[in-house]
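A.B. asks: Contents of upload.txt (compact mmCIF, C-alpha atoms and all ligand atoms) are given next:
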```
# COMPACT_ATOMS: atom_id res chain seq x y z
CA MET A 3 183.73 232.91 -132.88
CA VAL A 4 185.02 233.36 -129.34
CA LYS A 5 186.90 236.63 -128.99
CA ASN A 6 186.33 237.65 -125.38
CA ILE A 7 186.74 235.40 -122.36
CA TYR A 8 186.28 236.18 -118.68
CA ILE A 9 187.94 234.00 -116.04
CA ILE A 10 186.88 234.24 -112.40
CA GLY A 11 189.50 232.72 -110.08
CA LEU A 12 193.07 232.90 -111.34
CA GLY A 13 194.71 230.16 -109.31
CA LEU A 14 196.21 226.86 -110.39
CA ILE A 15 193.31 225.79 -112.62
CA GLY A 16 192.05 229.18 -113.86
CA GLY A 17 195.63 230.26 -114.55
CA SER A 18 196.47 227.02 -116.39
CA LEU A 19 193.37 227.33 -118.57
CA ALA A 20 194.18 230.95 -119.33
CA LEU A 21 197.73 230.04 -120.37
CA SER A 22 196.53 227.25 -122.65
CA ILE A 23 193.85 229.45 -124.25
CA LYS A 24 196.52 232.08 -124.93
CA ARG A 25 198.73 229.41 -126.47
CA LYS A 26 195.88 228.36 -128.76
CA ASP A 27 195.00 231.89 -129.87
CA PRO A 28 196.86 234.92 -128.48
CA THR A 29 194.28 237.23 -130.08
CA ILE A 30 191.52 236.02 -127.75
CA HIS A 31 191.13 238.74 -125.15
CA ILE A 32 191.10 237.34 -121.62
CA MET A 33 189.87 239.41 -118.73
CA GLY A 34 190.37 237.93 -115.27
CA TYR A 35 189.25 238.54 -111.72
CA ASP A 36 190.49 237.11 -108.46
CA LEU A 37 189.48 237.98 -104.91
CA ASN A 38 193.17 238.01 -104.17
CA GLY A 39 194.59 241.00 -106.03
CA ASP A 40 198.13 239.58 -105.96
CA GLN A 41 196.99 236.52 -107.90
CA ALA A 42 195.35 238.73 -110.53
CA SER A 43 198.48 240.91 -110.89
CA LEU A 44 200.68 237.85 -111.23
CA ALA A 45 198.31 236.39 -113.84
CA LYS A 46 198.68 239.57 -115.88
CA LYS A 47 202.46 239.71 -115.46
CA LEU A 48 202.80 236.07 -116.50
CA GLY A 49 200.76 236.80 -119.65
CA ALA A 50 197.88 234.52 -118.65
CA ILE A 51 195.35 237.34 -118.94
CA ASP A 52 195.23 240.62 -120.86
CA GLU A 53 193.22 242.65 -118.41
CA ILE A 54 192.40 242.59 -114.71
CA SER A 55 188.79 243.22 -113.85
CA PRO A 56 188.52 245.48 -110.81
CA THR A 57 185.22 243.89 -109.77
CA LEU A 58 183.58 240.48 -109.92
CA PHE A 59 180.95 241.69 -112.35
CA PRO A 60 182.28 244.32 -114.73
CA ASN A 61 180.48 245.03 -118.00
CA LEU A 62 180.18 241.52 -119.44
CA SER A 63 177.94 242.31 -122.40
CA ALA A 64 180.69 241.55 -124.96
CA VAL A 65 182.00 238.41 -123.25
CA ASP A 66 181.46 235.17 -125.23
CA MET A 67 182.60 232.67 -122.60
CA ILE A 68 182.99 232.72 -118.81
CA PHE A 69 185.11 230.28 -116.79
CA ILE A 70 184.47 230.00 -113.06
CA SER A 71 187.56 228.50 -111.45
CA THR A 72 187.01 229.14 -107.77
CA PRO A 73 186.48 226.64 -104.92
CA VAL A 74 183.15 224.86 -105.46
CA GLN A 75 181.06 226.67 -102.85
CA GLN A 76 182.19 230.03 -104.26
CA THR A 77 181.26 228.76 -107.72
CA ILE A 78 177.66 228.29 -106.60
CA ASN A 79 177.57 231.77 -105.06
CA ILE A 80 178.84 233.24 -108.31
CA ILE A 81 176.31 231.30 -110.42
CA GLU A 82 173.54 232.60 -108.19
CA GLN A 83 174.68 236.19 -108.70
CA LEU A 84 175.07 235.74 -112.45
CA GLN A 85 171.30 235.44 -112.87
CA SER A 86 170.95 239.20 -112.38
CA ILE A 87 173.90 240.28 -114.54
CA GLU A 88 173.48 241.51 -118.11
CA LEU A 89 175.24 239.00 -120.34
CA LYS A 90 175.66 238.43 -124.05
CA GLN A 91 172.89 236.40 -125.69
CA GLY A 92 173.90 232.69 -125.73
CA VAL A 93 177.01 233.19 -123.57
CA ILE A 94 178.70 229.92 -122.59
CA ILE A 95 179.44 229.61 -118.89
CA THR A 96 181.55 226.77 -117.60
CA ASP A 97 183.27 225.85 -114.34
CA VAL A 98 186.14 223.60 -113.30
CA GLY A 99 184.90 222.40 -109.92
CA SER A 100 185.82 218.99 -108.56
CA THR A 101 182.14 218.23 -107.85
CA LYS A 102 179.30 218.49 -110.30
CA VAL A 103 175.85 217.62 -108.88
CA LYS A 104 175.39 220.72 -106.70
CA ILE A 105 176.96 223.05 -109.24
CA VAL A 106 174.83 221.79 -112.13
CA GLU A 107 171.73 221.92 -109.89
CA SER A 108 172.47 225.53 -109.00
CA ALA A 109 172.92 226.42 -112.68
CA LYS A 110 169.54 224.82 -113.36
CA LYS A 111 167.95 226.68 -110.47
CA TYR A 112 169.38 230.13 -111.10
CA LEU A 113 170.06 230.27 -114.85
CA ASN A 114 167.01 228.46 -116.21
CA GLY A 115 164.89 230.58 -118.50
CA THR A 116 167.90 232.62 -119.64
CA THR A 117 169.86 232.14 -122.88
CA ILE A 118 172.96 231.14 -120.88
CA LYS A 119 174.50 227.83 -121.93
CA PHE A 120 175.94 226.25 -118.80
CA ILE A 121 178.45 223.45 -119.31
CA GLY A 122 179.74 221.89 -116.10
CA GLY A 123 183.41 221.04 -116.44
CA HIS A 124 186.14 219.27 -114.50
CA PRO A 125 189.67 218.85 -115.79
CA MET A 126 190.88 215.68 -114.07
CA ALA A 127 194.40 216.84 -113.40
CA GLY A 128 195.88 219.14 -110.87
CA SER A 129 198.34 219.37 -108.09
CA HIS A 130 198.74 219.76 -104.37
CA LYS A 131 200.00 223.25 -105.18
CA SER A 132 197.66 226.21 -105.51
CA GLY A 133 197.89 229.62 -107.06
CA ILE A 134 198.90 231.12 -110.35
CA LEU A 135 202.62 230.47 -109.78
CA ALA A 136 201.92 226.74 -110.07
CA ALA A 137 199.84 227.18 -113.25
CA LYS A 138 201.07 225.55 -116.47
CA SER A 139 199.59 225.64 -119.95
CA GLN A 140 200.23 221.90 -120.32
CA LEU A 141 198.75 220.89 -116.96
CA PHE A 142 195.85 219.01 -118.56
CA GLU A 143 197.74 217.34 -121.39
CA ASN A 144 196.40 213.77 -121.89
CA ALA A 145 194.17 214.13 -118.85
CA PHE A 146 190.44 213.52 -118.98
CA TYR A 147 188.32 216.66 -118.97
CA ILE A 148 184.78 215.83 -117.92
CA LEU A 149 181.87 217.87 -119.27
CA THR A 150 178.32 217.84 -117.93
CA PRO A 151 176.28 219.99 -120.34
CA SER A 152 172.90 221.38 -119.30
CA GLU A 153 169.77 220.59 -121.31
CA ASN A 154 169.82 223.67 -123.56
CA VAL A 155 173.45 223.10 -124.62
CA THR A 156 173.85 222.09 -128.26
CA ALA A 157 176.59 220.05 -129.93
CA GLN A 158 177.75 223.33 -131.47
CA ASP A 159 178.12 224.93 -128.00
CA LEU A 160 180.19 221.97 -126.85
CA THR A 161 182.43 222.22 -129.89
CA CYS A 162 182.82 225.92 -129.25
CA LEU A 163 184.09 225.18 -125.71
CA THR A 164 186.35 222.29 -126.69
CA ASN A 165 187.82 224.39 -129.52
CA VAL A 166 188.79 227.11 -127.10
CA LEU A 167 190.30 224.46 -124.84
CA GLU A 168 192.01 222.61 -127.69
CA GLU A 169 195.53 223.49 -126.53
CA THR A 170 194.93 221.89 -123.15
CA ARG A 171 195.29 218.66 -125.20
CA ALA A 172 192.91 217.04 -122.77
CA ASN A 173 190.51 214.23 -123.65
CA PHE A 174 186.96 215.52 -123.32
CA VAL A 175 184.30 213.12 -122.06
CA GLU A 176 180.64 213.70 -121.27
CA MET A 177 179.14 212.28 -118.12
CA SER A 178 176.12 212.86 -115.91
CA PRO A 179 176.85 214.94 -112.79
CA GLU A 180 175.73 212.01 -110.61
CA GLU A 181 178.12 209.55 -112.24
CA HIS A 182 180.87 212.15 -112.07
CA ASP A 183 180.48 212.64 -108.32
CA LYS A 184 180.36 208.91 -107.60
CA VAL A 185 183.47 208.19 -109.65
CA THR A 186 185.51 211.14 -108.40
CA GLY A 187 184.42 210.22 -104.86
CA ILE A 188 186.15 206.87 -105.35
CA ILE A 189 189.30 207.91 -107.18
CA SER A 190 189.88 211.43 -105.90
CA HIS A 191 187.86 212.65 -102.92
CA PHE A 192 188.01 209.58 -100.68
CA PRO A 193 191.73 208.99 -101.34
CA HIS A 194 192.24 212.57 -100.24
CA ILE A 195 190.55 211.82 -96.92
CA VAL A 196 192.70 208.72 -96.49
CA ALA A 197 195.90 210.67 -97.23
CA ALA A 198 195.00 213.35 -94.69
CA SER A 199 194.05 210.72 -92.11
CA LEU A 200 197.41 208.95 -92.49
CA VAL A 201 199.18 212.25 -91.89
CA SER A 202 196.97 212.92 -88.90
CA GLN A 203 197.73 209.45 -87.51
CA ALA A 204 201.48 210.03 -87.89
CA GLU A 205 201.21 213.41 -86.21
CA LYS A 206 199.57 211.84 -83.16
CA HIS A 207 202.64 209.64 -82.68
CA GLU A 208 205.18 212.40 -83.11
CA ASP A 209 205.67 213.12 -79.39
CA GLN A 210 206.32 209.47 -78.73
CA PHE A 211 208.78 209.10 -81.66
CA PRO A 212 210.63 212.37 -82.24
CA LEU A 213 212.44 210.94 -85.28
CA LEU A 214 209.16 210.02 -86.99
CA LYS A 215 208.97 213.03 -89.30
CA ARG A 216 212.52 212.62 -90.51
CA LEU A 217 212.11 208.89 -91.02
CA ALA A 218 208.99 209.31 -93.17
CA ALA A 219 210.42 208.19 -96.47
CA GLY A 220 209.26 207.41 -100.02
CA GLY A 221 206.18 205.33 -99.24
CA PHE A 222 204.66 207.73 -96.75
CA ARG A 223 205.49 210.72 -98.91
CA ASP A 224 204.03 209.11 -102.07
CA VAL A 225 200.79 208.13 -100.42
CA THR A 226 200.30 211.45 -98.61
CA ARG A 227 201.48 214.04 -101.19
CA ILE A 228 197.93 215.22 -101.78
CA ALA A 229 197.48 215.99 -98.08
CA SER A 230 199.50 219.15 -98.82
CA SER A 231 196.65 220.54 -100.95
CA ASN A 232 194.54 223.61 -100.29
CA PRO A 233 192.36 222.83 -97.20
CA ALA A 234 189.56 225.26 -98.15
CA MET A 235 189.19 223.65 -101.56
CA TRP A 236 188.94 220.16 -100.04
CA ARG A 237 186.58 221.23 -97.26
CA ASP A 238 184.16 222.46 -99.94
CA ILE A 239 184.54 219.31 -102.04
CA LEU A 240 183.67 217.06 -99.08
CA LEU A 241 180.67 219.19 -98.16
CA HIS A 242 179.43 218.96 -101.74
CA ASN A 243 179.88 215.24 -102.22
CA LYS A 244 178.47 214.06 -98.90
CA GLY A 245 176.19 211.22 -100.16
CA PRO A 246 178.74 209.22 -102.17
CA LEU A 247 181.43 209.87 -99.55
CA LEU A 248 179.35 208.59 -96.63
CA HIS A 249 178.80 205.40 -98.57
CA LEU A 250 182.55 205.11 -99.24
CA PHE A 251 183.32 205.62 -95.53
CA ASP A 252 181.16 202.57 -94.75
CA GLU A 253 182.88 200.49 -97.42
CA TRP A 254 186.32 201.59 -96.24
CA ILE A 255 185.60 200.81 -92.60
CA ALA A 256 184.41 197.30 -93.61
CA GLU A 257 187.54 196.92 -95.76
CA MET A 258 189.78 197.90 -92.84
CA GLU A 259 187.96 195.44 -90.58
CA ARG A 260 188.51 192.71 -93.15
CA ILE A 261 192.25 193.29 -93.48
CA LYS A 262 192.54 193.83 -89.73
CA SER A 263 191.12 190.34 -89.20
CA PHE A 264 193.65 188.87 -91.68
CA VAL A 265 196.42 190.43 -89.59
CA ALA A 266 194.90 189.53 -86.23
CA ASN A 267 194.47 185.90 -87.28
CA SER A 268 197.77 185.69 -89.14
CA GLU A 269 195.92 184.72 -92.35
CA SER A 270 198.98 184.62 -94.52
CA ASP A 271 197.27 183.48 -97.76
CA ASN A 272 194.56 186.09 -97.46
CA LEU A 273 197.12 188.81 -96.85
CA TYR A 274 199.08 187.71 -99.89
CA SER A 275 195.96 187.67 -102.09
CA TYR A 276 194.89 191.07 -100.81
CA PHE A 277 198.17 192.70 -101.80
CA ASP A 278 198.47 190.68 -105.00
CA GLN A 279 195.02 191.73 -106.20
CA ALA A 280 195.71 195.35 -105.34
CA LYS A 281 199.03 195.20 -107.18
CA GLN A 282 197.38 193.76 -110.28
CA PHE A 283 194.72 196.47 -110.43
CA ARG A 284 197.25 199.24 -109.69
CA ASP A 285 199.64 197.91 -112.37
CA GLU A 286 196.81 198.01 -114.89
CA LEU A 287 196.22 201.76 -114.53
CA PRO A 288 196.93 203.34 -117.92
CA LYS A 289 200.55 204.47 -117.89
CA LYS A 290 200.53 207.32 -120.35
CA GLN A 291 197.48 208.99 -118.96
CA ARG A 292 198.26 211.97 -116.89
CA GLY A 293 196.25 212.54 -113.74
CA ALA A 294 198.51 215.09 -112.18
CA ILE A 295 201.57 217.09 -112.97
CA PRO A 296 204.68 215.05 -112.30
CA SER A 297 205.81 215.66 -108.77
CA PHE A 298 208.44 218.33 -108.74
CA TYR A 299 209.72 220.51 -106.03
CA ASP A 300 210.21 224.22 -106.49
CA LEU A 301 212.66 226.46 -104.73
CA PHE A 302 212.55 230.23 -105.05
CA VAL A 303 215.73 232.27 -104.76
CA ASP A 304 215.86 236.04 -104.34
CA VAL A 305 218.53 237.15 -106.75
CA PRO A 306 219.93 240.49 -107.86
CA ASP A 307 219.13 241.32 -111.46
CA TYR A 308 222.41 241.15 -113.32
CA PRO A 309 223.51 239.28 -116.45
CA GLY A 310 225.00 235.93 -115.54
CA ILE A 311 222.96 235.35 -112.40
CA ILE A 312 221.45 232.14 -113.83
CA SER A 313 224.83 230.67 -114.68
CA GLU A 314 226.13 231.69 -111.27
CA ILE A 315 223.39 229.72 -109.49
CA THR A 316 223.50 226.73 -111.84
CA GLY A 317 227.29 226.74 -111.41
CA TYR A 318 226.90 226.31 -107.64
CA LEU A 319 224.44 223.45 -108.16
CA ALA A 320 226.75 221.81 -110.70
CA LYS A 321 229.64 221.93 -108.22
CA GLU A 322 227.55 219.85 -105.82
CA GLU A 323 226.16 217.68 -108.66
CA ILE A 324 222.55 218.59 -107.95
CA SER A 325 220.20 218.05 -110.93
CA LEU A 326 217.60 220.60 -111.90
CA THR A 327 214.48 219.88 -113.93
CA ASN A 328 213.63 223.49 -114.73
CA ILE A 329 214.75 227.04 -114.14
CA ARG A 330 212.87 230.25 -114.69
CA ILE A 331 213.12 233.94 -113.74
CA ILE A 332 209.84 235.33 -112.49
CA GLU A 333 209.48 239.09 -112.58
CA THR A 334 206.44 239.30 -110.45
CA ARG A 335 205.56 241.86 -107.83
CA GLU A 336 208.00 244.71 -107.27
CA GLU A 337 208.95 243.40 -103.84
CA ILE A 338 210.01 239.99 -105.07
CA TYR A 339 211.51 241.32 -108.25
CA GLY A 340 214.05 238.99 -109.77
CA VAL A 341 212.97 235.73 -108.24
CA LEU A 342 214.54 232.63 -109.67
CA ARG A 343 212.37 229.51 -109.64
CA LEU A 344 214.35 226.27 -109.58
CA SER A 345 212.49 222.96 -109.93
CA PHE A 346 213.81 219.64 -108.67
CA GLN A 347 212.64 216.08 -109.11
CA THR A 348 212.75 215.25 -105.41
CA ASP A 349 212.42 216.96 -102.08
CA HIS A 350 215.88 215.67 -101.21
CA ASP A 351 217.46 217.47 -104.20
CA ARG A 352 215.69 220.65 -103.14
CA GLU A 353 217.06 220.32 -99.60
CA LEU A 354 220.57 219.81 -101.03
CA ALA A 355 220.09 222.90 -103.21
CA ILE A 356 219.10 225.04 -100.22
CA ASP A 357 222.29 224.00 -98.41
CA CYS A 358 224.35 224.52 -101.55
CA ILE A 359 223.06 228.05 -102.24
CA ARG A 360 223.58 228.91 -98.59
CA LYS A 361 227.15 227.58 -98.79
CA TYR A 362 228.19 229.57 -101.85
CA SER A 363 226.11 232.76 -101.57
CA ASN A 364 224.03 234.99 -99.36
CA TYR A 365 220.91 234.72 -101.51
CA GLU A 366 217.78 233.95 -99.62
CA THR A 367 215.82 230.84 -100.57
CA PHE A 368 212.20 230.15 -99.89
CA ILE A 369 209.54 227.54 -100.59
CA ILE A 370 205.93 228.48 -101.38
N1 LIG B 1 193.82 221.74 -107.51
C1 LIG B 1 193.45 220.71 -108.25
O1 LIG B 1 194.14 219.71 -108.32
C2 LIG B 1 192.16 220.79 -109.00
C3 LIG B 1 191.99 220.00 -110.14
C4 LIG B 1 190.80 220.10 -110.88
C5 LIG B 1 189.80 220.96 -110.45
N2 LIG B 1 189.99 221.71 -109.33
C6 LIG B 1 188.92 222.65 -108.95
O2 LIG B 1 189.31 223.91 -109.47
C7 LIG B 1 188.84 224.96 -108.64
C8 LIG B 1 189.99 225.90 -108.33
O3 LIG B 1 191.00 225.18 -107.71
P1 LIG B 1 192.53 225.65 -107.78
O4 LIG B 1 193.35 224.44 -107.50
O5 LIG B 1 192.77 226.47 -108.99
O6 LIG B 1 192.58 226.57 -106.50
P2 LIG B 1 193.52 227.84 -106.24
O7 LIG B 1 193.46 228.08 -104.78
O8 LIG B 1 194.84 227.66 -106.88
O9 LIG B 1 192.73 228.99 -107.02
C9 LIG B 1 191.45 229.42 -106.68
C10 LIG B 1 191.43 230.92 -106.84
O10 LIG B 1 190.10 231.39 -106.68
C11 LIG B 1 190.14 232.63 -106.00
N3 LIG B 1 188.83 232.88 -105.44
C12 LIG B 1 188.24 232.28 -104.37
N4 LIG B 1 187.00 232.77 -104.21
C13 LIG B 1 186.79 233.67 -105.19
C14 LIG B 1 185.72 234.51 -105.55
N5 LIG B 1 184.57 234.49 -104.88
N6 LIG B 1 185.87 235.34 -106.61
C15 LIG B 1 187.04 235.36 -107.30
N7 LIG B 1 188.10 234.60 -107.00
C16 LIG B 1 187.98 233.76 -105.97
C17 LIG B 1 191.24 232.44 -104.99
O11 LIG B 1 191.73 233.69 -104.55
C18 LIG B 1 192.26 231.65 -105.78
O12 LIG B 1 193.21 232.47 -106.41
C19 LIG B 1 188.19 224.30 -107.45
O13 LIG B 1 186.80 224.29 -107.62
C20 LIG B 1 188.72 222.88 -107.47
O14 LIG B 1 187.77 222.00 -106.91
C21 LIG B 1 191.15 221.67 -108.63
O1 LIG B 2 197.40 215.45 -108.20
C1 LIG B 2 196.86 216.04 -107.30
O2 LIG B 2 197.49 216.67 -106.48
C2 LIG B 2 195.40 216.05 -107.21
O3 LIG B 2 194.89 215.99 -106.14
C3 LIG B 2 194.65 216.17 -108.45
C4 LIG B 2 193.18 215.82 -108.39
C5 LIG B 2 193.03 214.31 -108.11
O4 LIG B 2 192.45 213.95 -107.09
O5 LIG B 2 193.49 213.55 -108.93
C6 LIG B 2 192.53 216.61 -107.33
C7 LIG B 2 191.34 217.18 -107.46
C8 LIG B 2 190.78 217.41 -108.77
O6 LIG B 2 189.47 217.62 -108.80
C9 LIG B 2 191.36 216.65 -109.83
C10 LIG B 2 192.57 216.09 -109.70
```
Show the structure stored in the file as structure tokens.
C.D. replies:
Amino acid sequence: MVKNIYIIGLGLIGGSLALSIKRKDPTIHIMGYDLNGDQASLAKKLGAIDEISPTLFPNLSAVDMIFISTPVQQTINIIEQLQSIELKQGVIITDVGSTKVKIVESAKKYLNGTTIKFIGGHPMAGSHKSGILAAKSQLFENAFYILTPSENVTAQDLTCLTNVLEETRANFVEMSPEEHDKVTGIISHFPHIVAASLVSQAEKHEDQFPLLKRLAAGGFRDVTRIASSNPAMWRDILLHNKGPLLHLFDEWIAEMERIKSFVANSESDNLYSYFDQAKQFRDELPKKQRGAIPSFYDLFVDVPDYPGIISEITGYLAKEEISLTNIRIIETREEIYGVLRLSFQTDHDRELAIDCIRKYSNYETFII
């Protein structure tokens, strides 16, 4: 019976897991630690954790399960240190890293010969946003959650973990770390490189075309959303998944050469087939499966704490016919006490809302 959980790294993923574990069983005691003290305080204030650990390795002798939800290189450093920490017999340790081979290898190297049950994990959903403020208990709903159990892990250990994670409503699948890294290289890591490279290409042309940024519309925004993700996280992922990625670079370069030649030689039929085939495969992607939170755009408004403030703000938005998808008061740190979080479906709506709030009030707005 899992009663005590420790979560290291209380950002988007650690925070979302904590919120879903709390939703499953509020009596499970969750202690959390984050290098960034503000993240840990927010996690406590949002009810994601019960207790903040002042250090990375407090007394862990009563902890049944540990989640490591830090960037992947940090995860390896933490696994290495865990070998010399006194832990409960048979403790389950899991991570959420976007790569698996190096992490599972490090668990094998450092934790072998102990009673620790290491289960590599990767919830295949996320966002370009980071931090606890973006965390949601339902972030992983309908998403695949890949597990790569180590040799000494039993079916019972796996059930223990998936029970704790039941409220994520994710679909758990087992996979080898090698297969995991090859597949995620194709559908996650390499696309990330492409998105960032498209942004970088556009940036190089900005001096020549000053209107470029403002003209970048739906297509460019859709295909490059993920380029707004946490750079440190992605740096680590690329360094971890070098082998499969180098292979994908070669394939991609050949692919670009192929389509370049269709364009250069005006090969109309080939161009049509290229796009048609891509459309068919893209249209076949399962519709209901969730790979990411729906894109929404948050706006934070500093508001005085008085009854009626929410209806005041929504009243302004209604006057300008701006639709909201969500609204929430966050009582976070003292200095940003009374922050209203407004979520919009599009960046355009958020821009309209900024203008609208400016028009009707003196409240400051900001985007994180
Ligand atoms: N963002 C996504 O879409 C996504 C999806 C699935 C998995 N992942 C993986 O989840 C992990 C966390 O990503 P995230 O999106 O939650 O990032 P995040 O930046 O939102 O959160 C990471 C947190 O870890 C903390 N941290 C960093 N080093 C630490 C250390 N040594 N000790 C304690 N805390 C530390 C940071 O302060 C931060 O609060 C990464 O390994 C990432 O590859 C991310
Ligand atoms: O939706 C996004 O913003 C993501 O980048 C999520 C995404 C992905 O590539 O699909 C990113 C990294 C994770 O390891 C898993 C999910």
A.B. asks: Using all atoms listed in the file, which of the listed residues (A:Asp252, A:Asp349, A:Glu286, A:Asp238) sits closest to ligand LIG 2 (chain B)?
C.D. replies: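 Among the listed residues, A:Asp238 lies closest to ligand LIG 2 (chain B).
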A.B. asks: Around the point (192.5, 221.9, -123.3) (coordinates from the file), which residues reach within 10 Å if we count all atoms listed in the file? Answer as a list in words.
C.D. replies: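 Result, sorted by chain then residue number: Ser18, Leu19, Ser22, Ile23, Lys26, Pro125, Ser139, Gln140, Leu141, Phe142, Glu143, Asn144, Ala145, Phe146, Tyr147, Leu163, Thr164, Asn165, Val166, Leu167, Glu168, Glu169, Thr170, Arg171, Ala172, Asn173 and Phe174 of chain A.
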A.B. asks: What residues of the protein or nucleic acid chains come within 6 Å of ligand LIG 2 (chain B) when you use all atoms listed in the file? Reply as an MDAnalysis selection string.
C.D. replies: chainID A and resid 100 126:130 190 228 293:294
A.B. asks: Select the residues contacting ligand LIG 1 (chain B) at a distance of at most 6 Å, based on all atoms listed in the file, then format the selection as a list in words.
C.D. replies: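 Counting all atoms listed in the file, the residues within 6 Å of ligand LIG 1 (chain B) come out as Ile10, Gly11, Leu12, Gly13, Leu14, Ile15, Gly16, Tyr35, Asp36, Leu37, Asn38, Gln41, Ser71, Thr72, Pro73, Val74, Gln76, Val98, Gly99, Ser100, His124, Pro125, Met126, Ala127, Gly128, Ser129, Ser132, Gly133 and Met235 of chain A.
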A.B. asks: Can you tell me which residues surround Tyr299 of chain A at a distance of at most 12 Å, considering all atoms listed in the file, apart from same-chain residues fewer than 4 positions away, and format the answer as a PyMOL selection string?
C.D. replies: chain A and resi 129-131+136+227+295+325-329+343-356+368-370
A.B. asks: Can you tell me how far atom CA of Gln85 of chain A sits from atom CA of Ile9 of chain A, in Å to one decimal?
C.D. replies: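 Atom CA of Ile9 of chain A lies at a distance of 17.0 Å from atom CA of Gln85 of chain A.
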A.B. asks: Have a look at atom CA of Val103 of chain A and atom CA of Phe69 of chain A and let me know their distance in Å, one decimal.
C.D. replies: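 Atom-to-atom, atom CA of Val103 of chain A to atom CA of Phe69 of chain A, that is 17.6 Å.
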A.B. asks: In Å, with one decimal, what is the gap from atom CA of Ile70 of chain A to atom CA of Thr116 of chain A?
C.D. replies: 18.0 Å
A.B. asks: Which residue out of A:Ala42, A:Ile51, A:Val65, A:Cys358 has the minimum interatomic distance to Arg25 of chain A when all atoms listed in the file are used?
C.D. replies: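 Looking only at the distances to Arg25 of chain A, the closest residue turns out to be A:Ile51.
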A.B. asks: Which residues are near Lys90 of chain A? Cut-off 9 Å, all atoms listed in the file, ignore same chain within fewer than 6 positions. Put them as a list in words.
C.D. replies: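 Selected residues are Leu62, Ser63, Ala64, Val65, Asp66, Thr117 and Ile118 of chain A.
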A.B. asks: Now that the selection is made, can you save its residues with C-alpha atoms as a short mmCIF file (atom, residue, chain, number, x, y, z; two decimals), keeping the file's coordinate frame?
C.D. replies:
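As a result, out00.cif now contains:
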```
data_model
loop_
_atom_site.label_atom_id
_atom_site.label_comp_id
_atom_site.auth_asym_id
_atom_site.auth_seq_id
_atom_site.Cartn_x
_atom_site.Cartn_y
_atom_site.Cartn_z
CA LEU A 62 180.18 241.52 -119.44
CA SER A 63 177.94 242.31 -122.40
CA ALA A 64 180.69 241.55 -124.96
CA VAL A 65 182.00 238.41 -123.25
CA ASP A 66 181.46 235.17 -125.23
CA THR A 117 169.86 232.14 -122.88
CA ILE A 118 172.96 231.14 -120.88
#
```
A.B. asks: Counting only C-alpha atoms, find the residues whose atoms lie at most 8 Å from (182.2, 213.9, -122.4) (file coordinates) and write them out as a ChimeraX atom specification.
C.D. replies: /A:147-150,174-177
A.B. asks: For Leu342 of chain A, list every protein, DNA or RNA residue within 7 Å, evaluated using only C-alpha atoms, and leave out those in the same chain fewer than 5 positions away; present the list as a PyMOL selection string.
C.D. replies: chain A and resi 302-305+330-332
A.B. asks: Generate a file of the selected residues that holds C-alpha atoms, formatted as a PDB file, in the coordinates of the input.
C.D. replies:
```
ATOM      1  CA  PHE A 302     212.550 230.230-105.050  1.00  0.00           C
ATOM      2  CA  VAL A 303     215.730 232.270-104.760  1.00  0.00           C
ATOM      3  CA  ASP A 304     215.860 236.040-104.340  1.00  0.00           C
ATOM      4  CA  VAL A 305     218.530 237.150-106.750  1.00  0.00           C
ATOM      5  CA  ARG A 330     212.870 230.250-114.690  1.00  0.00           C
ATOM      6  CA  ILE A 331     213.120 233.940-113.740  1.00  0.00           C
ATOM      7  CA  ILE A 332     209.840 235.330-112.490  1.00  0.00           C
TER       8      ILE A 332
END
```
A.B. asks: List the spatial neighbours of Asn272 of chain A as a list in words - criterion: any atom at most 9 Å away, all atoms listed in the file, same-chain residues fewer than 5 positions off excluded.
C.D. replies: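 Those residues are Ile261, Phe264 and Phe277 of chain A.
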A.B. asks: List as JSON lines every residue of segment 202-302 of chain A that is in contact with segment 191-197 of chain A, defined as an atom at most 10 Å from one of its atoms (using all atoms listed in the file), together with the nearest atom pair and the distance in Å rounded to one decimal, sorted by chain and then rising number.
C.D. replies:
```
{"residue": "A:Ser202", "atom": "CA", "partner": "A:Ala197", "partner_atom": "CA", "distance": 8.7}
{"residue": "A:Gln203", "atom": "CA", "partner": "A:Ala197", "partner_atom": "CA", "distance": 10.0}
{"residue": "A:Phe222", "atom": "CA", "partner": "A:Ala197", "partner_atom": "CA", "distance": 9.3}
{"residue": "A:Arg223", "atom": "CA", "partner": "A:Ala197", "partner_atom": "CA", "distance": 9.7}
{"residue": "A:Asp224", "atom": "CA", "partner": "A:Ala197", "partner_atom": "CA", "distance": 9.6}
{"residue": "A:Val225", "atom": "CA", "partner": "A:Ala197", "partner_atom": "CA", "distance": 6.4}
{"residue": "A:Thr226", "atom": "CA", "partner": "A:Ala197", "partner_atom": "CA", "distance": 4.7}
{"residue": "A:Arg227", "atom": "CA", "partner": "A:Ala197", "partner_atom": "CA", "distance": 7.6}
{"residue": "A:Ile228", "atom": "CA", "partner": "A:His194", "partner_atom": "CA", "distance": 6.5}
{"residue": "A:Ala229", "atom": "CA", "partner": "A:Ala197", "partner_atom": "CA", "distance": 5.6}
{"residue": "A:Ser230", "atom": "CA", "partner": "A:Ala197", "partner_atom": "CA", "distance": 9.3}
{"residue": "A:Ser231", "atom": "CA", "partner": "A:His194", "partner_atom": "CA", "distance": 9.1}
{"residue": "A:Trp236", "atom": "CA", "partner": "A:His191", "partner_atom": "CA", "distance": 8.1}
{"residue": "A:Ile239", "atom": "CA", "partner": "A:His191", "partner_atom": "CA", "distance": 7.5}
{"residue": "A:Leu240", "atom": "CA", "partner": "A:His191", "partner_atom": "CA", "distance": 7.2}
{"residue": "A:Asn243", "atom": "CA", "partner": "A:His191", "partner_atom": "CA", "distance": 8.4}
{"residue": "A:Pro246", "atom": "CA", "partner": "A:Phe192", "partner_atom": "CA", "distance": 9.4}
{"residue": "A:Leu247", "atom": "CA", "partner": "A:Phe192", "partner_atom": "CA", "distance": 6.7}
{"residue": "A:Leu248", "atom": "CA", "partner": "A:Phe192", "partner_atom": "CA", "distance": 9.6}
{"residue": "A:Leu250", "atom": "CA", "partner": "A:Phe192", "partner_atom": "CA", "distance": 7.2}
{"residue": "A:Phe251", "atom": "CA", "partner": "A:Phe192", "partner_atom": "CA", "distance": 8.0}
{"residue": "A:Trp254", "atom": "CA", "partner": "A:Phe192", "partner_atom": "CA", "distance": 9.3}
```
